[in-house]
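So this block is data19.pdb, PDB, N, CA and C atoms:
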ATOM      1  N   MET A   1     -18.697  -1.090 -12.591
ATOM      2  CA  MET A   1     -18.313  -2.074 -11.585
ATOM      3  C   MET A   1     -17.212  -2.969 -12.133
ATOM      4  N   GLU A   2     -16.214  -3.267 -11.289
ATOM      5  CA  GLU A   2     -15.094  -4.110 -11.685
ATOM      6  C   GLU A   2     -15.545  -5.565 -11.814
ATOM      7  N   LYS A   3     -14.984  -6.284 -12.811
ATOM      8  CA  LYS A   3     -15.241  -7.708 -12.905
ATOM      9  C   LYS A   3     -14.473  -8.405 -11.797
ATOM     10  N   LYS A   4     -15.082  -9.414 -11.188
ATOM     11  CA  LYS A   4     -14.464 -10.106 -10.062
ATOM     12  C   LYS A   4     -13.090 -10.659 -10.427
ATOM     13  N   GLY A   5     -12.918 -11.167 -11.636
ATOM     14  CA  GLY A   5     -11.652 -11.751 -12.051
ATOM     15  C   GLY A   5     -10.508 -10.766 -12.093
ATOM     16  N   SER A   6     -10.824  -9.481 -12.235
ATOM     17  CA  SER A   6      -9.766  -8.475 -12.323
ATOM     18  C   SER A   6      -9.391  -7.906 -10.956
ATOM     19  N   LEU A   7     -10.071  -8.348  -9.907
ATOM     20  CA  LEU A   7      -9.796  -7.835  -8.567
ATOM     21  C   LEU A   7      -8.726  -8.669  -7.887
ATOM     22  N   SER A   8      -7.850  -7.988  -7.143
ATOM     23  CA  SER A   8      -6.762  -8.670  -6.457
ATOM     24  C   SER A   8      -6.392  -7.894  -5.200
ATOM     25  N   ARG A   9      -5.349  -8.371  -4.547
ATOM     26  CA  ARG A   9      -4.873  -7.772  -3.297
ATOM     27  C   ARG A   9      -3.351  -7.831  -3.297
ATOM     28  N   ILE A  10      -2.743  -6.743  -2.847
ATOM     29  CA  ILE A  10      -1.283  -6.688  -2.714
ATOM     30  C   ILE A  10      -0.942  -6.416  -1.261
ATOM     31  N   HIS A  11       0.071  -7.120  -0.768
ATOM     32  CA  HIS A  11       0.601  -6.892   0.577
ATOM     33  C   HIS A  11       2.076  -6.568   0.370
ATOM     34  N   ALA A  12       2.447  -5.326   0.659
ATOM     35  CA  ALA A  12       3.803  -4.860   0.369
ATOM     36  C   ALA A  12       4.477  -4.306   1.613
ATOM     37  N   PHE A  13       5.794  -4.460   1.643
ATOM     38  CA  PHE A  13       6.630  -3.895   2.691
ATOM     39  C   PHE A  13       7.683  -3.027   2.012
ATOM     40  N   VAL A  14       7.785  -1.782   2.468
ATOM     41  CA  VAL A  14       8.680  -0.801   1.851
ATOM     42  C   VAL A  14       9.765  -0.432   2.855
ATOM     43  N   SER A  15      11.027  -0.543   2.425
ATOM     44  CA  SER A  15      12.133  -0.191   3.321
ATOM     45  C   SER A  15      12.955   0.937   2.720
ATOM     46  N   GLY A  16      13.706   1.594   3.569
ATOM     47  CA  GLY A  16      14.511   2.752   3.192
ATOM     48  C   GLY A  16      14.188   3.898   4.135
ATOM     49  N   ARG A  17      14.361   5.114   3.654
ATOM     50  CA  ARG A  17      13.945   6.277   4.445
ATOM     51  C   ARG A  17      12.493   6.567   4.068
ATOM     52  N   VAL A  18      11.579   5.877   4.773
ATOM     53  CA  VAL A  18      10.162   5.944   4.417
ATOM     54  C   VAL A  18       9.279   6.333   5.599
ATOM     55  N   GLN A  19       9.872   6.632   6.732
ATOM     56  CA  GLN A  19       9.105   7.125   7.873
ATOM     57  C   GLN A  19       9.534   8.556   8.167
ATOM     58  N   GLY A  20       8.560   9.381   8.530
ATOM     59  CA  GLY A  20       8.845  10.783   8.817
ATOM     60  C   GLY A  20       9.046  11.633   7.576
ATOM     61  N   VAL A  21       8.644  11.107   6.411
ATOM     62  CA  VAL A  21       8.832  11.836   5.152
ATOM     63  C   VAL A  21       7.522  11.907   4.352
ATOM     64  N   PHE A  22       6.386  11.756   5.038
ATOM     65  CA  PHE A  22       5.057  11.811   4.424
ATOM     66  C   PHE A  22       4.782  10.664   3.457
ATOM     67  N   TYR A  23       5.479   9.548   3.646
ATOM     68  CA  TYR A  23       5.294   8.404   2.754
ATOM     69  C   TYR A  23       3.880   7.836   2.863
ATOM     70  N   ARG A  24       3.358   7.697   4.080
ATOM     71  CA  ARG A  24       2.013   7.139   4.244
ATOM     72  C   ARG A  24       0.971   8.013   3.565
ATOM     73  N   MET A  25       1.067   9.316   3.705
ATOM     74  CA  MET A  25       0.115  10.209   3.051
ATOM     75  C   MET A  25       0.232  10.105   1.536
ATOM     76  N   PHE A  26       1.456   9.960   1.043
ATOM     77  CA  PHE A  26       1.693   9.736  -0.386
ATOM     78  C   PHE A  26       0.955   8.481  -0.854
ATOM     79  N   VAL A  27       1.065   7.402  -0.076
ATOM     80  CA  VAL A  27       0.405   6.146  -0.444
ATOM     81  C   VAL A  27      -1.113   6.320  -0.461
ATOM     82  N   VAL A  28      -1.655   6.980   0.556
ATOM     83  CA  VAL A  28      -3.104   7.224   0.596
ATOM     84  C   VAL A  28      -3.548   7.984  -0.652
ATOM     85  N   ARG A  29      -2.830   9.029  -1.000
ATOM     86  CA  ARG A  29      -3.196   9.846  -2.165
ATOM     87  C   ARG A  29      -3.130   9.025  -3.458
ATOM     88  N   GLU A  30      -2.052   8.257  -3.631
ATOM     89  CA  GLU A  30      -1.883   7.456  -4.853
ATOM     90  C   GLU A  30      -2.938   6.355  -4.942
ATOM     91  N   ALA A  31      -3.204   5.675  -3.838
ATOM     92  CA  ALA A  31      -4.189   4.588  -3.839
ATOM     93  C   ALA A  31      -5.600   5.115  -4.057
ATOM     94  N   THR A  32      -5.939   6.191  -3.368
ATOM     95  CA  THR A  32      -7.271   6.774  -3.484
ATOM     96  C   THR A  32      -7.527   7.268  -4.903
ATOM     97  N   SER A  33      -6.533   7.868  -5.515
ATOM     98  CA  SER A  33      -6.709   8.385  -6.879
ATOM     99  C   SER A  33      -6.944   7.261  -7.885
ATOM    100  N   ARG A  34      -6.596   6.036  -7.523
ATOM    101  CA  ARG A  34      -6.794   4.877  -8.388
ATOM    102  C   ARG A  34      -8.037   4.071  -8.001
ATOM    103  N   GLY A  35      -8.767   4.554  -6.993
ATOM    104  CA  GLY A  35      -9.972   3.864  -6.568
ATOM    105  C   GLY A  35      -9.707   2.589  -5.786
ATOM    106  N   LEU A  36      -8.534   2.491  -5.167
ATOM    107  CA  LEU A  36      -8.171   1.304  -4.395
ATOM    108  C   LEU A  36      -8.569   1.472  -2.935
ATOM    109  N   CYS A  37      -8.762   0.367  -2.257
ATOM    110  CA  CYS A  37      -9.070   0.356  -0.822
ATOM    111  C   CYS A  37      -7.946  -0.356  -0.096
ATOM    112  N   GLY A  38      -7.745  -0.014   1.189
ATOM    113  CA  GLY A  38      -6.718  -0.696   1.957
ATOM    114  C   GLY A  38      -6.227   0.136   3.112
ATOM    115  N   VAL A  39      -4.986  -0.159   3.523
ATOM    116  CA  VAL A  39      -4.404   0.474   4.696
ATOM    117  C   VAL A  39      -2.893   0.584   4.527
ATOM    118  N   VAL A  40      -2.324   1.606   5.158
ATOM    119  CA  VAL A  40      -0.880   1.783   5.194
ATOM    120  C   VAL A  40      -0.500   2.109   6.628
ATOM    121  N   ARG A  41       0.645   1.592   7.071
ATOM    122  CA  ARG A  41       1.082   1.883   8.437
ATOM    123  C   ARG A  41       2.593   1.769   8.555
ATOM    124  N   ASN A  42       3.151   2.492   9.538
ATOM    125  CA  ASN A  42       4.564   2.363   9.891
ATOM    126  C   ASN A  42       4.753   1.122  10.741
ATOM    127  N   LEU A  43       5.889   0.465  10.577
ATOM    128  CA  LEU A  43       6.259  -0.668  11.420
ATOM    129  C   LEU A  43       7.386  -0.252  12.352
ATOM    130  N   ASP A  44       7.495  -0.943  13.460
ATOM    131  CA  ASP A  44       8.529  -0.622  14.453
ATOM    132  C   ASP A  44       9.946  -0.765  13.909
ATOM    133  N   ASP A  45      10.138  -1.582  12.873
ATOM    134  CA  ASP A  45      11.474  -1.807  12.328
ATOM    135  C   ASP A  45      11.881  -0.776  11.272
ATOM    136  N   GLY A  46      11.037   0.258  11.063
ATOM    137  CA  GLY A  46      11.377   1.327  10.125
ATOM    138  C   GLY A  46      10.759   1.166   8.746
ATOM    139  N   ARG A  47      10.147   0.031   8.472
ATOM    140  CA  ARG A  47       9.489  -0.164   7.179
ATOM    141  C   ARG A  47       8.072   0.399   7.214
ATOM    142  N   VAL A  48       7.474   0.466   6.036
ATOM    143  CA  VAL A  48       6.069   0.808   5.882
ATOM    144  C   VAL A  48       5.376  -0.403   5.269
ATOM    145  N   GLU A  49       4.211  -0.724   5.804
ATOM    146  CA  GLU A  49       3.413  -1.846   5.312
ATOM    147  C   GLU A  49       2.199  -1.305   4.572
ATOM    148  N   VAL A  50       1.900  -1.899   3.415
ATOM    149  CA  VAL A  50       0.767  -1.495   2.604
ATOM    150  C   VAL A  50      -0.049  -2.730   2.238
ATOM    151  N   VAL A  51      -1.351  -2.677   2.489
ATOM    152  CA  VAL A  51      -2.274  -3.691   2.003
ATOM    153  C   VAL A  51      -3.297  -2.947   1.161
ATOM    154  N   ALA A  52      -3.421  -3.342  -0.102
ATOM    155  CA  ALA A  52      -4.345  -2.651  -1.001
ATOM    156  C   ALA A  52      -5.129  -3.666  -1.811
ATOM    157  N   GLU A  53      -6.383  -3.321  -2.092
ATOM    158  CA  GLU A  53      -7.260  -4.178  -2.871
ATOM    159  C   GLU A  53      -7.921  -3.371  -3.979
ATOM    160  N   GLY A  54      -8.182  -4.059  -5.097
ATOM    161  CA  GLY A  54      -8.877  -3.423  -6.202
ATOM    162  C   GLY A  54      -8.465  -4.032  -7.520
ATOM    163  N   ASP A  55      -8.624  -3.260  -8.574
ATOM    164  CA  ASP A  55      -8.282  -3.692  -9.919
ATOM    165  C   ASP A  55      -6.787  -4.032 -10.015
ATOM    166  N   ARG A  56      -6.478  -5.192 -10.581
ATOM    167  CA  ARG A  56      -5.094  -5.679 -10.627
ATOM    168  C   ARG A  56      -4.152  -4.708 -11.349
ATOM    169  N   GLU A  57      -4.587  -4.139 -12.459
ATOM    170  CA  GLU A  57      -3.720  -3.209 -13.193
ATOM    171  C   GLU A  57      -3.444  -1.949 -12.374
ATOM    172  N   LYS A  58      -4.453  -1.470 -11.670
ATOM    173  CA  LYS A  58      -4.262  -0.294 -10.815
ATOM    174  C   LYS A  58      -3.342  -0.619  -9.648
ATOM    175  N   LEU A  59      -3.414  -1.837  -9.142
ATOM    176  CA  LEU A  59      -2.498  -2.264  -8.073
ATOM    177  C   LEU A  59      -1.064  -2.323  -8.580
ATOM    178  N   LYS A  60      -0.869  -2.822  -9.798
ATOM    179  CA  LYS A  60       0.477  -2.853 -10.385
ATOM    180  C   LYS A  60       1.040  -1.443 -10.494
ATOM    181  N   ASN A  61       0.191  -0.513 -10.901
ATOM    182  CA  ASN A  61       0.616   0.879 -11.014
ATOM    183  C   ASN A  61       0.963   1.451  -9.648
ATOM    184  N   LEU A  62       0.177   1.095  -8.620
ATOM    185  CA  LEU A  62       0.474   1.554  -7.261
ATOM    186  C   LEU A  62       1.833   1.034  -6.808
ATOM    187  N   VAL A  63       2.147  -0.220  -7.102
ATOM    188  CA  VAL A  63       3.449  -0.781  -6.706
ATOM    189  C   VAL A  63       4.589   0.015  -7.343
ATOM    190  N   GLU A  64       4.421   0.425  -8.591
ATOM    191  CA  GLU A  64       5.435   1.270  -9.233
ATOM    192  C   GLU A  64       5.609   2.575  -8.461
ATOM    193  N   LYS A  65       4.497   3.160  -8.030
ATOM    194  CA  LYS A  65       4.559   4.394  -7.241
ATOM    195  C   LYS A  65       5.210   4.152  -5.880
ATOM    196  N   LEU A  66       4.942   2.989  -5.263
ATOM    197  CA  LEU A  66       5.584   2.656  -3.988
ATOM    198  C   LEU A  66       7.103   2.638  -4.146
ATOM    199  N   ARG A  67       7.576   2.132  -5.270
ATOM    200  CA  ARG A  67       9.028   2.058  -5.525
ATOM    201  C   ARG A  67       9.637   3.459  -5.688
ATOM    202  N   ALA A  68       8.867   4.399  -6.197
ATOM    203  CA  ALA A  68       9.366   5.764  -6.394
ATOM    204  C   ALA A  68       9.244   6.576  -5.104
ATOM    205  N   GLY A  69       8.070   6.519  -4.476
ATOM    206  CA  GLY A  69       7.827   7.279  -3.254
ATOM    207  C   GLY A  69       7.774   8.770  -3.503
ATOM    208  N   PRO A  70       7.494   9.548  -2.449
ATOM    209  CA  PRO A  70       7.522  11.005  -2.573
ATOM    210  C   PRO A  70       8.970  11.499  -2.653
ATOM    211  N   ARG A  71       9.154  12.732  -3.031
ATOM    212  CA  ARG A  71      10.507  13.297  -3.177
ATOM    213  C   ARG A  71      11.373  13.159  -1.930
ATOM    214  N   SER A  72      10.756  13.292  -0.770
ATOM    215  CA  SER A  72      11.514  13.289   0.483
ATOM    216  C   SER A  72      11.932  11.895   0.939
ATOM    217  N   ALA A  73      11.409  10.857   0.298
ATOM    218  CA  ALA A  73      11.717   9.478   0.688
ATOM    219  C   ALA A  73      12.898   8.936  -0.119
ATOM    220  N   LEU A  74      13.489   7.883   0.416
ATOM    221  CA  LEU A  74      14.520   7.125  -0.295
ATOM    222  C   LEU A  74      14.139   5.656  -0.162
ATOM    223  N   VAL A  75      13.472   5.138  -1.177
ATOM    224  CA  VAL A  75      13.002   3.751  -1.149
ATOM    225  C   VAL A  75      14.147   2.844  -1.559
ATOM    226  N   ARG A  76      14.465   1.911  -0.687
ATOM    227  CA  ARG A  76      15.531   0.943  -0.980
ATOM    228  C   ARG A  76      14.973  -0.351  -1.547
ATOM    229  N   GLU A  77      13.826  -0.787  -1.028
ATOM    230  CA  GLU A  77      13.275  -2.072  -1.473
ATOM    231  C   GLU A  77      11.771  -2.102  -1.228
ATOM    232  N   VAL A  78      11.060  -2.737  -2.155
ATOM    233  CA  VAL A  78       9.638  -3.031  -1.985
ATOM    234  C   VAL A  78       9.470  -4.524  -2.212
ATOM    235  N   THR A  79       9.034  -5.225  -1.175
ATOM    236  CA  THR A  79       8.694  -6.638  -1.342
ATOM    237  C   THR A  79       7.184  -6.729  -1.398
ATOM    238  N   GLU A  80       6.693  -7.567  -2.279
ATOM    239  CA  GLU A  80       5.258  -7.640  -2.499
ATOM    240  C   GLU A  80       4.794  -9.082  -2.558
ATOM    241  N   GLU A  81       3.590  -9.283  -2.068
ATOM    242  CA  GLU A  81       2.923 -10.579  -2.163
ATOM    243  C   GLU A  81       1.547 -10.332  -2.752
ATOM    244  N   TRP A  82       1.230 -11.048  -3.819
ATOM    245  CA  TRP A  82      -0.105 -10.956  -4.412
ATOM    246  C   TRP A  82      -0.984 -11.990  -3.739
ATOM    247  N   GLU A  83      -2.178 -11.558  -3.378
ATOM    248  CA  GLU A  83      -3.101 -12.408  -2.634
ATOM    249  C   GLU A  83      -4.482 -12.319  -3.269
ATOM    250  N   PRO A  84      -5.363 -13.268  -2.939
ATOM    251  CA  PRO A  84      -6.733 -13.183  -3.446
ATOM    252  C   PRO A  84      -7.466 -11.973  -2.861
ATOM    253  N   TYR A  85      -8.318 -11.386  -3.664
ATOM    254  CA  TYR A  85      -9.157 -10.273  -3.233
ATOM    255  C   TYR A  85     -10.046 -10.733  -2.073
ATOM    256  N   GLN A  86     -10.138  -9.912  -1.029
ATOM    257  CA  GLN A  86     -10.910 -10.281   0.157
ATOM    258  C   GLN A  86     -12.024  -9.296   0.499
ATOM    259  N   HIS A  87     -12.082  -8.157  -0.167
ATOM    260  CA  HIS A  87     -13.046  -7.095   0.132
ATOM    261  C   HIS A  87     -13.049  -6.773   1.633
ATOM    262  N   GLU A  88     -11.859  -6.587   2.175
ATOM    263  CA  GLU A  88     -11.689  -6.311   3.604
ATOM    264  C   GLU A  88     -11.892  -4.835   3.941
ATOM    265  N   PHE A  89     -11.702  -3.948   2.972
ATOM    266  CA  PHE A  89     -11.691  -2.517   3.241
ATOM    267  C   PHE A  89     -12.754  -1.784   2.432
ATOM    268  N   ASP A  90     -13.238  -0.674   2.989
ATOM    269  CA  ASP A  90     -14.204   0.180   2.295
ATOM    270  C   ASP A  90     -13.582   1.488   1.824
ATOM    271  N   ASP A  91     -12.353   1.768   2.256
ATOM    272  CA  ASP A  91     -11.654   2.988   1.873
ATOM    273  C   ASP A  91     -10.160   2.718   1.975
ATOM    274  N   PHE A  92      -9.362   3.753   1.773
ATOM    275  CA  PHE A  92      -7.916   3.625   1.972
ATOM    276  C   PHE A  92      -7.522   4.601   3.068
ATOM    277  N   HIS A  93      -6.840   4.099   4.086
ATOM    278  CA  HIS A  93      -6.546   4.950   5.245
ATOM    279  C   HIS A  93      -5.210   4.588   5.888
ATOM    280  N   ILE A  94      -4.758   5.483   6.746
ATOM    281  CA  ILE A  94      -3.564   5.256   7.562
ATOM    282  C   ILE A  94      -4.009   4.613   8.859
ATOM    283  N   ASP A  95      -3.339   3.531   9.229
ATOM    284  CA  ASP A  95      -3.608   2.864  10.507
ATOM    285  C   ASP A  95      -2.517   3.313  11.482
ATOM    286  N   TYR A  96      -2.909   4.093  12.464
ATOM    287  CA  TYR A  96      -1.963   4.621  13.444
ATOM    288  C   TYR A  96      -1.798   3.744  14.667
ATOM    289  N   TRP A  97      -2.735   2.807  14.908
ATOM    290  CA  TRP A  97      -2.832   2.189  16.232
ATOM    291  C   TRP A  97      -2.627   0.693  16.299
ATOM    292  N   SER A  98      -3.002  -0.074  15.306
ATOM    293  CA  SER A  98      -3.039  -1.529  15.467
ATOM    294  C   SER A  98      -1.656  -2.166  15.364
ATOM    295  N   ALA A  99      -1.597  -3.407  15.779
ATOM    296  CA  ALA A  99      -0.365  -4.189  15.651
ATOM    297  C   ALA A  99      -0.112  -4.469  14.178
ATOM    298  N   GLN A 100       1.075  -4.955  13.872
ATOM    299  CA  GLN A 100       1.446  -5.247  12.498
ATOM    300  C   GLN A 100       0.380  -6.118  11.851
ATOM    301  N   LEU A 101       0.023  -5.797  10.620
ATOM    302  CA  LEU A 101      -1.031  -6.502   9.888
ATOM    303  C   LEU A 101      -0.546  -7.846   9.378
ATOM    304  N   ASN A 102      -1.252  -8.886   9.707
ATOM    305  CA  ASN A 102      -1.058 -10.217   9.087
ATOM    306  C   ASN A 102       0.374 -10.723   9.117
ATOM    307  N   ARG A 103       1.219 -10.241   9.932
ATOM    308  CA  ARG A 103       2.612 -10.742   9.969
ATOM    309  C   ARG A 103       3.071 -10.800  11.395
TER     310      ARG A 103
END

What does the file become when written as structure tokens?
Amino acid sequence: MEKKGSLSRIHAFVSGRVQGVFYRMFVVREATSRGLCGVVRNLDDGRVEVVAEGDREKLKNLVEKLRAGPRSALVREVTEEWEPYQHEFDDFHIDYWSAQLNR
């Protein structure tokens, strides 16, 4: 079990050629392999939004992966906000339907 002090939350926005290139599935795979929980979704403005929770070091590693993306993507920028852990999610998934998260 993770110590509470090591748990955190990242809210990131990824811009570039990140829609229609399997970027969301890439994020799910990378986050799940690190034991992180959260959500990823496309935004109407062409960016991808990621909210992830879990171990802070694993989140830092995920952010590095967000900057690289899958081969088919061209990531131009990743903006990130670190937030307190909220235990909002039980898994990591793609959100296809809801409005933009927290923004």

Can you pull out every residue within 7 Å of stretch 61-66 of chain A, counting only N, CA and C atoms, but drop anything in the same chain fewer than 5 positions away, and send it as a list in words? Glu30, Ala31, Arg56, Val75 and Val78 of chain A

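Interatomic distance, atom CA of A:Pro70 against atom CA of A:Glu83: 25.7 Å.
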
I'd like the neighbourhood of A:Thr79 as a ChimeraX atom specification, where a residue qualifies if any of its atoms comes within 8 Å (using only N, CA and C atoms), though same-chain residues fewer than 6 positions away should be ignored. /A:11-15

Run through the PyMOL selection byres ((chain A and resi 25-27) around 8) on the given coordinates and return the selected residues as a ChimeraX atom specification. /A:21-24,28-33,39-40,65-66,69-70,92-94

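When atom CA of A:Leu36 is paired with atom CA of A:Lys60, their separation reads 11.3 Å.
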
Please list, as a compact mmCIF listing (two decimals) with N, CA and C atoms, keeping the file's coordinate frame, the residues that have an atom at most 8 Å away from (12.2, -0.4, 8.0) in the coordinates of this file, counting all atoms listed in the file.
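What follows is the written file out_35.txt:
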# COMPACT_ATOMS: atom_id res chain seq x y z
N PHE A 13 5.79 -4.46 1.64
CA PHE A 13 6.63 -3.90 2.69
C PHE A 13 7.68 -3.03 2.01
N VAL A 14 7.78 -1.78 2.47
CA VAL A 14 8.68 -0.80 1.85
C VAL A 14 9.76 -0.43 2.86
N SER A 15 11.03 -0.54 2.42
CA SER A 15 12.13 -0.19 3.32
C SER A 15 12.96 0.94 2.72
N GLY A 16 13.71 1.59 3.57
CA GLY A 16 14.51 2.75 3.19
C GLY A 16 14.19 3.90 4.14
N ARG A 17 14.36 5.11 3.65
CA ARG A 17 13.94 6.28 4.44
C ARG A 17 12.49 6.57 4.07
N VAL A 18 11.58 5.88 4.77
CA VAL A 18 10.16 5.94 4.42
C VAL A 18 9.28 6.33 5.60
N GLN A 19 9.87 6.63 6.73
CA GLN A 19 9.10 7.12 7.87
C GLN A 19 9.53 8.56 8.17
N LEU A 43 5.89 0.46 10.58
CA LEU A 43 6.26 -0.67 11.42
C LEU A 43 7.39 -0.25 12.35
N ASP A 44 7.50 -0.94 13.46
CA ASP A 44 8.53 -0.62 14.45
C ASP A 44 9.95 -0.76 13.91
N ASP A 45 10.14 -1.58 12.87
CA ASP A 45 11.47 -1.81 12.33
C ASP A 45 11.88 -0.78 11.27
N GLY A 46 11.04 0.26 11.06
CA GLY A 46 11.38 1.33 10.12
C GLY A 46 10.76 1.17 8.75
N ARG A 47 10.15 0.03 8.47
CA ARG A 47 9.49 -0.16 7.18
C ARG A 47 8.07 0.40 7.21
N VAL A 48 7.47 0.47 6.04
CA VAL A 48 6.07 0.81 5.88
C VAL A 48 5.38 -0.40 5.27

Select from chain A everything DSSP, run on the backbone, classes as strand (DSSP E), then give the selection as an MDAnalysis selection string. chainID A and resid 7:17 37:42 48:55 74:83 92:94

Taking the DSSP assignment computed from this structure's backbone, write out as a PyMOL selection string all residues of stretch 23-71 of chain A that belong to helix (DSSP H, G or I). chain A and resi 23-33+56-68

Pairwise distance, atom C of A:Phe89 with atom N of A:Glu53, equals 8.0 Å
